[in-house]
Structures are given as C-alpha cells and as structure tokens.
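**Student:** Handing over query.cif, mmCIF, C-alpha atoms.
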data_model
#
loop_
_atom_site.label_atom_id
_atom_site.label_comp_id
_atom_site.auth_asym_id
_atom_site.auth_seq_id
_atom_site.Cartn_x
_atom_site.Cartn_y
_atom_site.Cartn_z
CA MET A 1 0.00 0.00 0.00
CA ARG A 2 1.32 3.47 -0.95
CA ARG A 3 1.88 5.84 1.94
CA ASP A 4 0.32 9.26 1.66
CA THR A 5 2.82 12.07 1.31
CA PRO A 6 2.88 14.09 4.55
CA PRO A 7 1.77 17.73 4.37
CA ARG A 8 4.57 20.14 3.51
CA GLU A 9 4.40 21.82 6.90
CA THR A 10 4.91 18.47 8.60
CA VAL A 11 7.98 17.81 6.45
CA ILE A 12 9.39 21.23 7.35
CA ARG A 13 8.76 20.82 11.07
CA ARG A 14 10.47 17.42 11.11
CA PHE A 15 13.46 18.90 9.27
CA LEU A 16 13.73 21.81 11.70
CA ASP A 17 13.44 19.48 14.68
CA ARG A 18 16.31 17.35 13.36
CA ALA A 19 18.40 20.47 12.75
CA GLY A 20 17.81 21.78 16.29
CA TRP A 21 15.64 24.69 15.14
CA GLY A 22 12.21 23.21 15.84
CA ALA A 23 11.40 25.78 18.54
CA ALA A 24 12.60 28.77 16.51
CA ARG A 25 10.32 31.68 15.66
CA ARG A 26 9.56 31.66 11.93
CA GLN A 27 9.07 34.81 9.87
CA PRO A 28 8.08 34.52 6.18
CA MET A 29 10.35 36.41 3.81
CA GLY A 30 8.44 35.87 0.59
CA ALA A 31 9.25 34.02 -2.62
CA ASP A 32 11.14 34.72 -5.80
CA TRP A 33 10.23 34.01 -9.44
CA SER A 34 10.43 30.26 -8.82
CA ALA A 35 8.73 27.89 -6.39
CA ARG A 36 11.31 28.75 -3.73
CA ARG A 37 10.19 30.51 -0.57
CA TYR A 38 12.15 31.68 2.43
CA GLU A 39 11.72 32.14 6.19
CA ARG A 40 13.96 33.78 8.75
CA LEU A 41 14.29 31.64 11.88
CA THR A 42 15.17 33.10 15.27
CA ARG A 43 15.99 31.16 18.40
CA PRO A 44 17.40 32.32 21.77
CA GLU A 45 20.92 31.27 22.65
CA GLY A 46 22.12 30.49 26.15
CA ASP A 47 24.14 33.72 26.37
CA GLY A 48 21.02 35.88 26.05
CA ARG A 49 21.48 36.57 22.35
CA ASP A 50 19.37 35.38 19.44
CA ALA A 51 20.68 33.19 16.65
CA THR A 52 19.15 33.43 13.19
CA ALA A 53 19.14 31.30 10.06
CA ILE A 54 17.30 31.20 6.74
CA LEU A 55 15.04 28.34 5.70
CA MET A 56 15.02 27.77 1.93
CA ASP A 57 11.92 25.81 0.97
CA CYS A 58 11.89 24.45 -2.60
CA ARG A 59 8.38 23.13 -3.00
CA ASP A 60 8.30 21.52 -6.42
CA GLU A 61 10.55 19.10 -8.26
CA VAL A 62 12.16 21.76 -10.44
CA ALA A 63 13.06 23.99 -7.50
CA ALA A 64 14.19 21.00 -5.40
CA SER A 65 16.52 19.92 -8.21
CA GLN A 66 18.39 23.20 -7.72
CA VAL A 67 19.32 22.44 -4.11
CA PRO A 68 22.36 20.23 -4.87
CA PRO A 69 23.91 22.79 -7.26
CA PHE A 70 23.29 25.54 -4.70
CA VAL A 71 25.20 23.54 -2.10
CA GLN A 72 27.99 22.73 -4.56
CA ILE A 73 28.43 26.27 -5.85
CA ALA A 74 28.30 27.72 -2.33
CA GLY A 75 31.26 25.49 -1.49
CA LEU A 76 33.14 26.56 -4.63
CA LEU A 77 32.59 30.22 -3.79
CA ARG A 78 33.79 29.77 -0.22
CA ASP A 79 36.85 27.95 -1.58
CA CYS A 80 37.57 31.20 -3.45
CA ALA A 81 37.34 33.14 -0.13
CA LEU A 82 34.02 34.69 -1.16
CA SER A 83 30.95 35.00 1.06
CA ALA A 84 28.43 32.35 0.10
CA PRO A 85 26.11 31.16 2.90
CA VAL A 86 27.28 28.33 5.10
CA ILE A 87 24.91 25.35 4.84
CA LEU A 88 23.74 24.64 8.40
CA ALA A 89 21.50 21.68 7.56
CA GLY A 90 19.91 20.14 4.53
CA ASP A 91 17.38 17.62 3.26
CA GLU A 92 18.09 17.71 -0.44
CA PRO A 93 15.46 15.10 -1.49
CA GLN A 94 12.79 17.24 0.21
CA GLY A 95 14.17 20.50 -1.22
CA LEU A 96 15.00 22.01 2.17
CA LEU A 97 18.07 23.91 3.31
CA LEU A 98 18.93 25.83 6.43
CA ILE A 99 21.55 28.42 5.56
CA GLU A 100 23.52 31.23 7.14
CA ASP A 101 21.58 34.48 7.59
CA PHE A 102 23.30 37.39 5.86
CA GLY A 103 20.99 39.97 7.44
CA ALA A 104 18.78 42.56 5.76
CA GLU A 105 21.15 44.92 3.95
CA ASP A 106 20.73 43.82 0.36
CA TYR A 107 22.30 45.99 -2.30
CA ALA A 108 18.94 46.63 -3.97
CA GLY A 109 17.51 48.22 -0.83
CA LEU A 110 20.69 50.22 -0.25
CA LEU A 111 20.74 51.53 -3.82
CA ASP A 112 17.04 52.31 -3.98
CA GLY A 113 16.89 53.88 -0.52
CA GLY A 114 18.55 57.03 -1.81
CA LYS A 115 20.97 57.42 1.10
CA GLU A 116 23.92 55.34 -0.09
CA PRO A 117 26.43 56.37 -2.76
CA TRP A 118 26.26 53.83 -5.57
CA GLN A 119 29.89 53.68 -6.62
CA PRO A 120 31.36 51.96 -3.52
CA LEU A 121 28.73 49.22 -3.70
CA TYR A 122 29.35 48.60 -7.39
CA GLU A 123 33.11 48.65 -6.85
CA VAL A 124 32.89 45.83 -4.30
CA ALA A 125 30.48 43.87 -6.51
CA THR A 126 32.85 44.26 -9.47
CA ASP A 127 35.84 43.26 -7.32
CA VAL A 128 33.98 40.08 -6.32
CA LEU A 129 33.84 39.08 -9.98
CA VAL A 130 37.51 39.93 -10.41
CA ALA A 131 38.41 37.74 -7.42
CA LEU A 132 36.18 34.91 -8.60
CA HIS A 133 37.60 34.95 -12.12
CA GLN A 134 41.17 35.07 -10.81
CA ARG A 135 40.73 32.28 -8.27
CA PHE A 136 38.28 29.81 -9.77
CA VAL A 137 39.61 26.90 -11.81
CA PRO A 138 36.92 25.37 -14.08
CA ALA A 139 38.55 21.96 -13.82
CA ALA A 140 37.56 21.97 -10.14
CA ALA A 141 33.91 21.57 -11.14
CA PRO A 142 33.73 19.32 -14.21
CA ASP A 143 30.12 18.33 -13.50
CA LEU A 144 28.66 21.85 -13.50
CA SER A 145 26.30 22.89 -16.28
CA ARG A 146 27.92 24.47 -19.33
CA TYR A 147 26.63 27.78 -20.64
CA ASP A 148 27.41 27.08 -24.26
CA MET A 149 26.02 28.16 -27.60
CA GLY A 150 23.18 25.67 -27.57
CA LEU A 151 21.96 26.71 -24.13
CA PHE A 152 22.11 30.44 -24.95
CA ARG A 153 20.32 29.88 -28.25
CA ASP A 154 17.52 27.96 -26.55
CA GLN A 155 17.12 30.64 -23.86
CA VAL A 156 17.08 33.57 -26.25
CA MET A 157 14.36 32.13 -28.49
CA LEU A 158 11.80 32.80 -25.77
CA PHE A 159 11.95 36.32 -27.20
CA ALA A 160 10.45 35.02 -30.46
CA ASP A 161 8.00 32.71 -28.71
CA ALA A 162 6.40 35.23 -26.32
CA PHE A 163 7.60 38.83 -26.61
CA ALA A 164 7.69 39.39 -30.37
CA PRO A 165 4.13 38.16 -31.10
CA ALA A 166 2.75 40.21 -28.21
CA VAL A 167 4.22 43.54 -29.36
CA ARG A 168 3.33 42.76 -32.98
CA GLY A 169 -0.24 41.94 -32.04
CA ARG A 170 -0.08 38.85 -34.26
CA ALA A 171 2.04 35.79 -34.86
CA LEU A 172 5.41 35.98 -36.55
CA PRO A 173 5.33 35.31 -40.31
CA ALA A 174 6.40 31.95 -41.64
CA GLY A 175 10.13 31.45 -41.44
CA ALA A 176 10.79 34.38 -39.08
CA TRP A 177 11.43 32.16 -36.06
CA ASP A 178 13.97 30.08 -38.00
CA ASP A 179 15.60 33.23 -39.37
CA LEU A 180 16.14 34.54 -35.84
CA ALA A 181 17.53 31.21 -34.64
CA GLN A 182 20.00 31.21 -37.53
CA ALA A 183 20.97 34.81 -36.80
CA TRP A 184 21.77 33.91 -33.19
CA GLU A 185 23.75 30.87 -34.31
CA GLY A 186 25.89 33.20 -36.38
CA VAL A 187 26.35 35.72 -33.57
CA LEU A 188 26.86 33.58 -30.46
CA PRO A 189 30.33 32.14 -31.18
CA ALA A 190 31.86 35.60 -30.69
CA ALA A 191 30.50 35.60 -27.12
CA LEU A 192 32.42 32.44 -26.26
CA THR A 193 35.94 33.22 -27.42
CA LEU A 194 37.45 34.11 -24.02
CA PRO A 195 38.40 31.50 -21.38
CA PRO A 196 35.31 30.46 -19.37
CA THR A 197 34.83 30.75 -15.63
CA LEU A 198 32.14 30.23 -12.98
CA LEU A 199 29.03 32.08 -14.15
CA LEU A 200 26.52 32.86 -11.38
CA ARG A 201 23.75 33.92 -13.81
CA ASP A 202 21.60 36.16 -11.56
CA TYR A 203 24.33 38.48 -10.35
CA HIS A 204 22.41 41.66 -9.59
CA PRO A 205 21.85 43.88 -6.52
CA GLY A 206 18.84 41.92 -5.30
CA ASN A 207 21.11 38.92 -4.73
CA LEU A 208 24.02 40.79 -3.11
CA MET A 209 24.22 41.56 0.61
CA ARG A 210 26.37 44.02 2.55
CA LEU A 211 27.94 42.10 5.43
CA ALA A 212 29.04 44.10 8.44
CA GLY A 213 32.30 43.05 10.02
CA ARG A 214 33.82 41.61 6.85
CA ALA A 215 36.43 43.30 4.70
CA GLY A 216 37.17 43.52 1.00
CA VAL A 217 35.30 41.20 -1.32
CA ALA A 218 34.15 39.11 1.68
CA ALA A 219 31.94 42.07 2.66
CA CYS A 220 29.60 41.19 -0.23
CA GLY A 221 27.33 38.22 0.46
CA LEU A 222 26.24 36.13 -2.53
CA LEU A 223 22.80 34.56 -2.97
CA ASP A 224 20.68 32.86 -5.65
CA PHE A 225 23.43 31.19 -7.64
CA GLN A 226 21.87 27.73 -8.00
CA ASP A 227 21.55 28.17 -11.77
CA GLY A 228 25.26 28.86 -12.11
CA GLY A 229 27.64 26.95 -14.35
CA ILE A 230 30.75 27.23 -16.46
CA GLY A 231 30.40 30.01 -19.02
CA PRO A 232 31.66 33.27 -20.49
CA ARG A 233 33.21 35.70 -18.02
CA ALA A 234 31.42 38.82 -19.28
CA TYR A 235 27.95 37.52 -18.42
CA ASP A 236 27.81 38.34 -14.70
CA LEU A 237 29.37 41.77 -15.15
CA VAL A 238 26.70 42.60 -17.74
CA SER A 239 24.04 41.23 -15.39
CA LEU A 240 25.29 43.59 -12.67
CA LEU A 241 25.59 46.72 -14.82
CA GLU A 242 22.59 46.29 -17.14
CA ASP A 243 20.00 45.67 -14.47
CA ALA A 244 16.34 45.04 -15.31
CA ARG A 245 15.25 46.74 -12.09
CA ARG A 246 17.14 50.05 -12.12
CA ASP A 247 19.03 52.40 -14.42
CA VAL A 248 22.78 52.26 -13.83
CA PRO A 249 24.34 55.61 -14.86
CA GLU A 250 26.45 55.25 -17.97
CA ASP A 251 29.54 56.79 -16.39
CA LEU A 252 29.33 54.31 -13.51
CA ARG A 253 28.79 51.42 -15.90
CA GLN A 254 31.84 52.37 -17.96
CA ALA A 255 33.94 52.90 -14.83
CA MET A 256 33.15 49.38 -13.60
CA MET A 257 33.95 47.91 -17.01
CA ARG A 258 37.35 49.64 -16.87
CA ARG A 259 37.85 48.48 -13.27
CA TYR A 260 37.24 44.87 -14.24
CA LEU A 261 39.42 44.98 -17.35
CA ALA A 262 42.29 46.65 -15.47
CA ALA A 263 42.55 43.50 -13.36
CA PHE A 264 43.12 41.40 -16.53
CA PRO A 265 45.69 43.28 -18.61
CA GLY A 266 46.15 40.32 -20.93
CA ILE A 267 42.52 40.15 -22.00
CA ASP A 268 41.54 41.07 -25.56
CA GLN A 269 39.39 44.11 -24.86
CA THR A 270 37.76 44.11 -28.31
CA ALA A 271 36.73 40.50 -27.88
CA PHE A 272 35.50 41.22 -24.36
CA ALA A 273 33.37 44.15 -25.57
CA ALA A 274 31.82 42.00 -28.29
CA SER A 275 31.15 39.19 -25.82
CA ALA A 276 29.58 41.62 -23.33
CA ALA A 277 27.30 43.12 -25.99
CA ILE A 278 26.15 39.70 -27.23
CA LEU A 279 25.60 38.31 -23.75
CA GLY A 280 23.75 41.47 -22.75
CA ALA A 281 21.45 41.06 -25.75
CA VAL A 282 20.93 37.39 -24.88
CA ARG A 283 20.08 38.21 -21.28
CA HIS A 284 17.75 41.06 -22.18
CA ALA A 285 15.98 39.01 -24.86
CA ARG A 286 15.46 36.14 -22.41
CA ILE A 287 14.04 38.51 -19.79
CA LEU A 288 11.71 40.11 -22.34
CA GLY A 289 10.43 36.68 -23.29
CA ARG A 290 10.10 35.48 -19.71
CA VAL A 291 8.25 38.59 -18.54
CA ALA A 292 5.97 38.32 -21.57
CA GLN A 293 5.16 34.76 -20.49
CA LEU A 294 4.43 35.86 -16.93
CA ALA A 295 2.26 38.75 -18.09
CA GLN A 296 0.22 36.49 -20.34
CA ALA A 297 -0.32 34.04 -17.49
CA THR A 298 -1.02 36.61 -14.75
CA ALA A 299 -2.88 39.85 -15.37
CA GLY A 300 -0.98 42.83 -14.04
CA ALA A 301 2.24 40.88 -13.37
CA PRO A 302 4.54 43.28 -11.48
CA GLN A 303 7.47 42.38 -13.74
CA LEU A 304 5.73 44.29 -16.55
CA SER A 305 7.37 47.42 -15.20
CA PHE A 306 10.75 45.99 -16.28
CA LEU A 307 9.85 45.73 -19.95
CA PRO A 308 10.50 49.30 -21.15
CA ARG A 309 13.91 49.43 -19.46
CA VAL A 310 14.94 45.98 -20.69
CA TRP A 311 13.75 46.78 -24.21
CA GLY A 312 15.98 49.86 -24.14
CA GLN A 313 18.90 47.76 -22.94
CA PHE A 314 18.27 45.20 -25.66
CA THR A 315 18.08 47.75 -28.47
CA GLY A 316 21.21 49.42 -27.10
CA ALA A 317 23.11 46.13 -27.10
CA ILE A 318 22.19 45.18 -30.67
CA ARG A 319 23.77 48.39 -31.96
CA HIS A 320 27.13 46.66 -31.54
CA PRO A 321 28.41 45.57 -34.98
CA ALA A 322 28.66 41.96 -33.82
CA LEU A 323 24.86 41.95 -33.42
CA SER A 324 23.89 43.42 -36.77
CA PRO A 325 22.04 40.22 -37.86
CA ILE A 326 19.80 40.53 -34.79
CA ALA A 327 19.27 44.26 -35.38
CA HIS A 328 18.23 43.55 -38.97
CA TRP A 329 15.73 40.92 -37.82
CA VAL A 330 14.22 43.32 -35.26
CA GLU A 331 13.97 46.07 -37.85
CA ARG A 332 12.22 43.72 -40.25
CA HIS A 333 9.77 42.02 -37.89
CA LEU A 334 8.96 44.32 -34.96
CA PRO A 335 7.11 47.66 -34.98
CA ALA A 336 9.31 50.68 -35.46
CA ASN A 337 9.92 53.04 -32.53
CA LEU A 338 8.43 50.85 -29.82
CA ASP A 339 7.96 52.98 -26.71
CA ALA A 340 7.20 52.18 -23.09
CA ASP A 341 3.44 52.73 -23.33
CA THR A 342 3.12 50.59 -26.47
CA ILE A 343 5.08 47.74 -24.94
CA VAL A 344 3.12 47.69 -21.68
CA ARG A 345 -0.22 47.97 -23.51
CA SER A 346 0.72 44.90 -25.55
CA PHE A 347 0.10 42.80 -22.45
#
Please go through the file and, once you have read it, give me the structure as structure tokens.
**Tutor:**
Amino acid sequence: MRRDTPPRETVIRRFLDRAGWGAARRQPMGADWSARRYERLTRPEGDGRDATAILMDCRDEVAASQVPPFVQIAGLLRDCALSAPVILAGDEPQGLLLIEDFGAEDYAGLLDGGKEPWQPLYEVATDVLVALHQRFVPAAAPDLSRYDMGLFRDQVMLFADAFAPAVRGRALPAGAWDDLAQAWEGVLPAALTLPPTLLLRDYHPGNLMRLAGRAGVAACGLLDFQDGGIGPRAYDLVSLLEDARRDVPEDLRQAMMRRYLAAFPGIDQTAFAASAAILGAVRHARILGRVAQLAQATAGAPQLSFLPRVWGQFTGAIRHPALSPIAHWVERHLPANLDADTIVRSF
C-alpha cells in the first residue's frame, strides 16, 4: 500500500526538529520568481542573544533539483574566499536547506533607498567578480552545467515565442522564427571566445548583501546562484551593470567595465566588448520573453514594469556591430519606434 505524502508543513517541522531549530520563531520572507520561498528563523541562545538562520523551501521538483547545485556552488565560492552562505543543515530530497543568515542589507535596498552612494557598492560587486575569475579553476567543477552556444540559443528564443508576437499583435510570419535562430547561431560564437569561468547567472543587486564586520570582497554576500555553471566571463558583469530593475548611470557602468578589465591586462578588450554586448542582448531578450510569459499568465504581473527598461537595454546592445544580424531581424519584424506605453499595452 502506498503511503500518503505528509503535508509540507509536517515535512518542514520534522526537518527543523532534526536540525535543532524546531522551537525557533519563523518569519516569512516571501518568494522569488520560482517555487522557492524563504523564512527567517530566530531562536534564543544560552548567552542571552538570538541566533538566526534562513530556511530555503523548494516546493516543487524543479526547485528542489536546484538544491544540490546551490550547495555545490556555495562550497566553490567559499573555496575562493568569497561570502556564500554556510549550509547549516539540509534535506536535499525534500528541497529544504537551512543556511547562514546574511541579514537585511541587500544591495537593492541600499541603492534604492537614496541614502547610499552607488559607486562603492558597485566597486565591491565588481571586485567580487575579479576575485572569482582570478581564483576559480573550471577543472575543479567538471560536473557543473555548461553555458554554451546551444543553451544560450535555446534561452534567447523565448523572445520570439512570447515577446515578439505580443508587441506585434499577431504571430510571426512563416520562417521568421527560424531566421532569428540562424541569426543567433551566427552571432553567439563571438560571445564564447574568451576563457570560461564560474558564471553565477543572476548576479544583480537583489542577490548581493552588505555584510558588516567583513572586509574587501568578503563584505559582499552572494545569494541565488543555484543556476550557475561554467560560461563566459562577461555575463555576470553585464548582469550587474545592465540591471532590469534600475538604471545604472552610464559613467558608472563604464567605470566598472574599466575596473574589471584593469585586473586582466592580458585580456583582448575588443573580444570582451563584443562578448559583453552579445551576452547582454541574450540576457535582455530572455528577460523580455520570460516577462511576456508571466504577463500572459497573470494579469498585471509586477514584472511588466521591467519591460521598457529591458527593451531599451536590448536595443542598445544590438547596436554593436557583432549583433547586426539581430538588429536587422528586429527592424524587419517588430514595430518601429516601440515605446514604453506601447510595450506595456501589448500585455
């Protein structure tokens, strides 16, 4: 006879009991774009102080499958003397982790609060990537996912599947999807010419924490890297500086590019610029497609507010000569002079 699966709350309580946190106070922290949700746990210590930890609850099979890579990459980051959360306890088959609490000072809140100068925060975040790319040896993680041409091509075609038909108001004409796929196949190799490194994928201020009492690059806590893998080194820097959620001033963006490149005097700067432009276009196109999907599934999806900014970032990226085949496709198949109001009204 098949046993009934216990309720999720029962599974969580058993896990916390085993980890010694069963009596802790639990405070929901919300969810992200996936089926992951988080709670802050607080329990009194014998010295009169409170200890805290974060419960990561991955409720479906897809989210739970990301727990082992999170644990693995956290270890790789700590091996590079970077601040990834310590894993306090785990039940990987159930999609549960108890991890170190990095506090409440995320970069997004600091930047958007209007009281912090932006440059010091971006300097530390850029220096983290420098340190990672100097210290990480890809051979140390042969089993990690590879961000290669096939993966990027598959991700970017969500743009044609969801975003392009929505802003056109009708389906793409016959052959247009294949034309775009072929254009990307011609463009993507130039993004992959430099030696690969550990790519964290969602490296943006919402996933970076300011850690009091730590110095240098260790003062920046890293979160949400379970989708990481081995891939092109420009990707995370572009993710940081071409943010879907806020406008990074151009002078700051250029200064951080120069700061990164100064740490690698042997790098081919022309190749790096081409790679950054292509990877930026890939990232922006994927976000446009993903937000279009969310908007079509959920009326008034809050991520709709990202679309005008990301569209501007995408059209800026495809001005690079390496992306001329993509620019020609956009000119041929999408409405001219798309503006913010038109894009948002499309959904």
**Student:** Can you list what the PyMOL selection byres ((chain A and resi 339-346) around 10) grabs from this structure, as a short mmCIF file (atom, residue, chain, number, x, y, z; two decimals) with C-alpha atoms, in the frame of the given file?
**Tutor:**
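Wrote out.cif, looks like this:
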data_model
loop_
_atom_site.label_atom_id
_atom_site.label_comp_id
_atom_site.auth_asym_id
_atom_site.auth_seq_id
_atom_site.Cartn_x
_atom_site.Cartn_y
_atom_site.Cartn_z
CA PHE A 163 7.60 38.83 -26.61
CA PRO A 165 4.13 38.16 -31.10
CA ALA A 166 2.75 40.21 -28.21
CA VAL A 167 4.22 43.54 -29.36
CA ARG A 168 3.33 42.76 -32.98
CA GLY A 169 -0.24 41.94 -32.04
CA ALA A 292 5.97 38.32 -21.57
CA ALA A 295 2.26 38.75 -18.09
CA GLN A 296 0.22 36.49 -20.34
CA GLY A 300 -0.98 42.83 -14.04
CA LEU A 304 5.73 44.29 -16.55
CA SER A 305 7.37 47.42 -15.20
CA PHE A 306 10.75 45.99 -16.28
CA LEU A 307 9.85 45.73 -19.95
CA PRO A 308 10.50 49.30 -21.15
CA ARG A 309 13.91 49.43 -19.46
CA TRP A 311 13.75 46.78 -24.21
CA GLY A 312 15.98 49.86 -24.14
CA PRO A 335 7.11 47.66 -34.98
CA ALA A 336 9.31 50.68 -35.46
CA ASN A 337 9.92 53.04 -32.53
CA LEU A 338 8.43 50.85 -29.82
CA PHE A 347 0.10 42.80 -22.45
#
**Student:** Which residues, named as in the file, does the PyMOL selection byres ((chain A and resi 98) around 8) pick out? Answer as a ChimeraX atom specification.
**Tutor:** /A:53-56,87-90,96-97,99-100
**Student:** Which distance in Å separates CA of Ser65 (chain A) and CA of Arg25 (chain A), to one decimal?
**Tutor:**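 Answer for the CA of Ser65 (chain A) to CA of Arg25 (chain A) separation: 27.3 Å.
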**Student:** Out of A:Ala327, A:Val11, A:Met257, A:Ala74, which residue has the shortest atom-to-atom distance to Leu241 (chain A) when counting all atoms listed in the file?
**Tutor:**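 Of all the options, A:Met257 lies closest to Leu241 (chain A).
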**Student:** Which polymer residues have any atom within 10 Å of an atom of Asp101 (chain A), counting all atoms listed in the file, with same-chain residues fewer than 6 positions away left out, as number ranges by chain?
**Tutor:** A: 40-41, 51-55, 85-86, 221
